[in-house]
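Step one of this worksheet: look at the structure below.
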Amino acid sequence: MKIILIAGFLGSGKTSVLLKLAKYLTESGASAVIIENEIGEVGVDDKLLRSAGLRMKEVFGGCICCGSSGLLLDDIASLRGEYNPDYIIIEATGVAYPLEIRCNIAEQFGIRAAVLGIADCSRWARLWNAMPQLLGDQLGCADLILLNKCDLVSSEQKEAALEILKTVNPAAEIQCFSAIDGVDRTELWKGFLV
Ligand SMILES: Nc1nc2c(ncn2[C@@H]2O[C@H](COP(=O)(O)OP(=O)(O)OP(=O)(O)O)[C@@H](O)[C@H]2O)c(=O)[nH]1
Ligand SMILES: [Mg+2]
């Protein structure tokens, strides 16, 4: 069983990307279960996921990087016992610190979660100026960073964001992305999931 952790600021496109990745996984014959850590309302339609052959579990009541980490670990254990899926995909809240979550998972299960970081290119400059610490922590431990919403920005905006992301995380692969453009991303997902 592999674990994928999707992290990134509020509204950056985590759920939109998650649905793309989950679709790729199920179409390639792998089973996947999704864990949504929501602070407020649920962002994913459970029926939509079920019709795509996916299951979802929600962790409410707090952020899984800190106070509610025990709930997440319990859920992972029970999902493994019940379904033993090929993948568990976790969407963290927009204010979570993924490194904490990855450490907790590694300690409990001995599994290194792959971190998929989502950066919102359309708001990048504004968010980065306001919250360099949070964004740096969220994206600094990612294995793959998707610079999302590139359909909305100029090439100058893209270049400026890429420059900063490279310094935030020199080790990560960074890709320009759009969760709504319908482009086939098979090769990207294959590379990320090896
Ligand atoms: N134009 C454009 N809109 C996008 C893209 N990705 C996501 N969106 C839109 O951005 C909004 C937020 O997307 P979500 O996928 O819900 O973002 P999220 O990170 O899951 O949001 P929270 O879970 O609330 O933090 C939605 O209205 C999406 O339709 C993209 O690549 N391009
Ligand atoms: Mg979401």
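Ligands are numbered from 1 in the order shown, residues from 1 within each chain, and chains are lettered A, B, ... in the order they appear in the structure tokens.
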
Residues of chain A that approach ligand 1 to 7 Å or less, counting only C-alpha atoms and all ligand atoms: could you list each one with the shortest pair of atoms and its distance in Å to one decimal, rows by chain and increasing residue number, as CSV?
residue,atom,partner,partner_atom_place_in_ligand_line,distance
A:Gly8,CA,ligand 1,19 (O),6.4
A:Phe9,CA,ligand 1,25 (O),6.0
A:Leu10,CA,ligand 1,25 (O),3.2
A:Gly11,CA,ligand 1,21 (O),3.3
A:Ser12,CA,ligand 1,19 (O),4.0
A:Gly13,CA,ligand 1,17 (O),3.2
A:Lys14,CA,ligand 1,19 (O),3.7
A:Thr15,CA,ligand 1,20 (O),3.7
A:Ser16,CA,ligand 1,15 (O),3.7
A:Val17,CA,ligand 1,15 (O),6.5
A:Gly43,CA,ligand 1,23 (O),6.3
A:Thr93,CA,ligand 1,25 (O),5.9
A:Gly94,CA,ligand 1,25 (O),4.5
A:Asn148,CA,ligand 1,31 (O),4.9
A:Lys149,CA,ligand 1,31 (O),3.4
A:Cys150,CA,ligand 1,31 (O),6.2
A:Asp151,CA,ligand 1,32 (N),5.8
A:Leu152,CA,ligand 1,1 (N),5.7
A:Phe177,CA,ligand 1,31 (O),6.5
A:Ser178,CA,ligand 1,31 (O),3.4
A:Ala179,CA,ligand 1,31 (O),3.7
A:Ile180,CA,ligand 1,31 (O),5.0

>> as a PyMOL selection string, please: every residue in stretch 48-129 of chain A that DSSP puts in alpha helix (DSSP H).
In response: chain A and resi 48-51+69-83+98-109+124-129

> So what do you get for atom CA of A:Leu73 versus atom CA of A:Val95, distance-wise?
Replying inline: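 Computing it gives 18.7 Å between the two atoms.
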
Would you give me, as JSON lines, each residue of stretch 1-90 of chain A having an atom within 9 Å of an atom of stretch 184-191 of chain A, along with its shortest atom pair and that distance in Å to one decimal, using only C-alpha atoms and sorting by chain and residue number?
{"residue": "A:Lys20", "atom": "CA", "partner": "A:Arg185", "partner_atom": "CA", "distance": 8.8}
{"residue": "A:Leu21", "atom": "CA", "partner": "A:Trp189", "partner_atom": "CA", "distance": 7.1}
{"residue": "A:Tyr24", "atom": "CA", "partner": "A:Thr186", "partner_atom": "CA", "distance": 7.2}
{"residue": "A:Leu25", "atom": "CA", "partner": "A:Trp189", "partner_atom": "CA", "distance": 8.7}

> Using only C-alpha atoms, which residues sit within 9 Å of A:Gln175 once same-chain residues fewer than 6 positions away are excluded, as a list in words?
Replying inline: Leu144, Ile145, Leu146, Leu147, Asn148, Leu162 and Leu188 of chain A

Go ahead and write the residues just picked, N, CA and C atoms, as a PDB file, in the first residue's frame.
ATOM      1  N   LEU A 144       6.807  16.237  -5.648  1.00  0.00           N
ATOM      2  CA  LEU A 144       6.404  16.846  -6.924  1.00  0.00           C
ATOM      3  C   LEU A 144       5.562  18.071  -6.594  1.00  0.00           C
ATOM      4  N   ILE A 145       5.895  19.205  -7.211  1.00  0.00           N
ATOM      5  CA  ILE A 145       5.081  20.416  -7.034  1.00  0.00           C
ATOM      6  C   ILE A 145       4.363  20.696  -8.352  1.00  0.00           C
ATOM      7  N   LEU A 146       3.048  20.830  -8.278  1.00  0.00           N
ATOM      8  CA  LEU A 146       2.292  21.253  -9.455  1.00  0.00           C
ATOM      9  C   LEU A 146       1.975  22.727  -9.300  1.00  0.00           C
ATOM     10  N   LEU A 147       2.471  23.508 -10.238  1.00  0.00           N
ATOM     11  CA  LEU A 147       2.147  24.940 -10.268  1.00  0.00           C
ATOM     12  C   LEU A 147       0.817  25.037 -11.006  1.00  0.00           C
ATOM     13  N   ASN A 148      -0.258  25.069 -10.230  1.00  0.00           N
ATOM     14  CA  ASN A 148      -1.610  24.899 -10.785  1.00  0.00           C
ATOM     15  C   ASN A 148      -2.206  26.221 -11.264  1.00  0.00           C
ATOM     16  N   LEU A 162       7.961  30.028 -10.693  1.00  0.00           N
ATOM     17  CA  LEU A 162       8.907  28.901 -10.804  1.00  0.00           C
ATOM     18  C   LEU A 162      10.244  29.244 -10.152  1.00  0.00           C
ATOM     19  N   LEU A 188       3.212  12.178 -16.496  1.00  0.00           N
ATOM     20  CA  LEU A 188       3.489  12.875 -15.230  1.00  0.00           C
ATOM     21  C   LEU A 188       3.151  11.977 -14.041  1.00  0.00           C
TER      22      LEU A 188
END

>> If we count only C-alpha atoms and set the cut-off at 9 Å, which residues sit around A:Met1, ignoring sequence neighbours fewer than 6 positions away in its own chain? Please answer as a list in words.
In response: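 Everything that qualifies: Arg80, Asn84, Pro85, Asp86, Tyr87, Ile88 and Ile111 of chain A.
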
Please save N, CA and C atoms of the selected residues as a PDB file, in the first residue's frame.
ATOM      1  N   ARG A  80      -6.848   0.183   5.692  1.00  0.00           N
ATOM      2  CA  ARG A  80      -5.953  -0.884   5.252  1.00  0.00           C
ATOM      3  C   ARG A  80      -6.550  -2.242   5.600  1.00  0.00           C
ATOM      4  N   ASN A  84      -7.539  -2.859   2.039  1.00  0.00           N
ATOM      5  CA  ASN A  84      -6.157  -3.006   1.586  1.00  0.00           C
ATOM      6  C   ASN A  84      -5.929  -2.421   0.187  1.00  0.00           C
ATOM      7  N   PRO A  85      -6.182  -1.136   0.010  1.00  0.00           N
ATOM      8  CA  PRO A  85      -6.078  -0.537  -1.331  1.00  0.00           C
ATOM      9  C   PRO A  85      -4.630  -0.416  -1.784  1.00  0.00           C
ATOM     10  N   ASP A  86      -4.440  -0.271  -3.101  1.00  0.00           N
ATOM     11  CA  ASP A  86      -3.089  -0.031  -3.614  1.00  0.00           C
ATOM     12  C   ASP A  86      -2.596   1.349  -3.160  1.00  0.00           C
ATOM     13  N   TYR A  87      -3.545   2.313  -3.112  1.00  0.00           N
ATOM     14  CA  TYR A  87      -3.174   3.684  -2.732  1.00  0.00           C
ATOM     15  C   TYR A  87      -4.169   4.272  -1.741  1.00  0.00           C
ATOM     16  N   ILE A  88      -3.654   5.010  -0.783  1.00  0.00           N
ATOM     17  CA  ILE A  88      -4.506   5.905  -0.001  1.00  0.00           C
ATOM     18  C   ILE A  88      -4.054   7.320  -0.365  1.00  0.00           C
ATOM     19  N   ILE A 111       5.767   3.627   6.383  1.00  0.00           N
ATOM     20  CA  ILE A 111       5.549   3.952   4.961  1.00  0.00           C
ATOM     21  C   ILE A 111       5.949   5.413   4.744  1.00  0.00           C
TER      22      ILE A 111
END

> From the set A:Ile34, A:Ile118, A:Val44, A:Ala113, which residue has the shortest atom-to-atom contact distance to ligand 2, counting only C-alpha atoms and all ligand atoms?
Replying inline: A:Val44

> stretch 29-155 of chain A: which residues are strand (DSSP E or B) by DSSP, as a ChimeraX atom specification?
Replying inline: /A:32-37,55-59,87-91,114-120,144-148

>> I want to know what sits within 12 Å of A:Ile105, based on only C-alpha atoms, with residues of the same chain fewer than 2 positions away left out; could you give that as a ChimeraX atom specification?
In response: /A:2-5,64-65,69-77,88,90,98-103,107-115

Output for the residues just chosen: N, CA and C atoms as a short mmCIF file (atom, residue, chain, number, x, y, z; two decimals), in the first residue's frame:
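As written to disk, out-v9.cif reads:
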data_model
loop_
_atom_site.label_atom_id
_atom_site.label_comp_id
_atom_site.auth_asym_id
_atom_site.auth_seq_id
_atom_site.Cartn_x
_atom_site.Cartn_y
_atom_site.Cartn_z
N LYS A 2 0.56 2.17 -0.92
CA LYS A 2 1.29 3.43 -0.96
C LYS A 2 0.39 4.56 -0.47
N ILE A 3 1.01 5.58 0.09
CA ILE A 3 0.24 6.71 0.60
C ILE A 3 0.70 7.98 -0.10
N ILE A 4 -0.27 8.73 -0.62
CA ILE A 4 0.02 10.01 -1.28
C ILE A 4 -0.65 11.11 -0.47
N LEU A 5 0.12 12.13 -0.17
CA LEU A 5 -0.39 13.24 0.63
C LEU A 5 -0.41 14.49 -0.23
N ILE A 64 -5.15 17.41 10.62
CA ILE A 64 -4.46 16.13 10.85
C ILE A 64 -2.96 16.26 11.02
N CYS A 65 -2.43 17.48 10.88
CA CYS A 65 -0.97 17.58 11.10
C CYS A 65 -0.67 17.77 12.58
N SER A 69 -4.04 14.17 14.52
CA SER A 69 -3.22 13.20 13.80
C SER A 69 -3.58 11.77 14.17
N GLY A 70 -4.03 11.55 15.41
CA GLY A 70 -4.43 10.20 15.84
C GLY A 70 -5.60 9.68 15.03
N LEU A 71 -6.55 10.58 14.72
CA LEU A 71 -7.72 10.18 13.93
C LEU A 71 -7.28 9.71 12.55
N LEU A 72 -6.34 10.44 11.97
CA LEU A 72 -5.86 10.07 10.64
C LEU A 72 -5.20 8.69 10.68
N LEU A 73 -4.35 8.48 11.67
CA LEU A 73 -3.63 7.21 11.74
C LEU A 73 -4.60 6.05 11.96
N ASP A 74 -5.63 6.27 12.79
CA ASP A 74 -6.66 5.24 12.99
C ASP A 74 -7.38 4.93 11.68
N ASP A 75 -7.69 6.00 10.92
CA ASP A 75 -8.40 5.80 9.66
C ASP A 75 -7.54 5.02 8.67
N ILE A 76 -6.28 5.36 8.60
CA ILE A 76 -5.39 4.63 7.67
C ILE A 76 -5.37 3.15 8.05
N ALA A 77 -5.25 2.89 9.36
CA ALA A 77 -5.20 1.49 9.81
C ALA A 77 -6.50 0.77 9.46
N ILE A 88 -3.65 5.01 -0.78
CA ILE A 88 -4.51 5.90 0.00
C ILE A 88 -4.05 7.32 -0.37
N ILE A 90 -4.47 11.21 0.57
CA ILE A 90 -4.94 12.07 1.65
C ILE A 90 -4.89 13.53 1.20
N PRO A 98 2.58 19.35 5.89
CA PRO A 98 2.66 17.96 5.45
C PRO A 98 3.82 17.18 6.04
N LEU A 99 4.89 17.89 6.41
CA LEU A 99 6.04 17.18 6.97
C LEU A 99 5.66 16.46 8.26
N GLU A 100 4.85 17.13 9.08
CA GLU A 100 4.37 16.53 10.33
C GLU A 100 3.59 15.25 10.03
N ILE A 101 2.71 15.36 9.05
CA ILE A 101 1.84 14.21 8.72
C ILE A 101 2.71 13.07 8.19
N ARG A 102 3.67 13.41 7.33
CA ARG A 102 4.53 12.37 6.78
C ARG A 102 5.32 11.67 7.91
N CYS A 103 5.80 12.44 8.87
CA CYS A 103 6.54 11.85 9.99
C CYS A 103 5.65 10.91 10.80
N GLU A 107 6.29 6.92 11.24
CA GLU A 107 6.48 6.35 12.57
C GLU A 107 5.52 5.19 12.83
N GLN A 108 4.27 5.39 12.43
CA GLN A 108 3.23 4.40 12.73
C GLN A 108 3.24 3.20 11.79
N PHE A 109 3.47 3.46 10.49
CA PHE A 109 3.30 2.38 9.51
C PHE A 109 4.59 2.02 8.78
N GLY A 110 5.63 2.79 8.98
CA GLY A 110 6.87 2.51 8.25
C GLY A 110 6.73 2.78 6.75
N ILE A 111 5.77 3.63 6.38
CA ILE A 111 5.55 3.95 4.96
C ILE A 111 5.95 5.41 4.74
N ARG A 112 6.74 5.65 3.69
CA ARG A 112 7.07 7.05 3.35
C ARG A 112 6.00 7.57 2.41
N ALA A 113 5.20 8.50 2.90
CA ALA A 113 4.16 9.07 2.05
C ALA A 113 4.79 9.97 1.00
N ALA A 114 4.33 9.84 -0.24
CA ALA A 114 4.79 10.76 -1.30
C ALA A 114 3.98 12.05 -1.17
N VAL A 115 4.66 13.18 -1.15
CA VAL A 115 3.94 14.45 -0.98
C VAL A 115 3.80 15.16 -2.34
#

>> So, with only C-alpha atoms as the atoms that count, which of A:Leu135, A:Ile164, A:Ala92, A:Ala171 lies closest to A:Gly62?
In response: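 Closest to A:Gly62, using only C-alpha atoms: A:Ala92.
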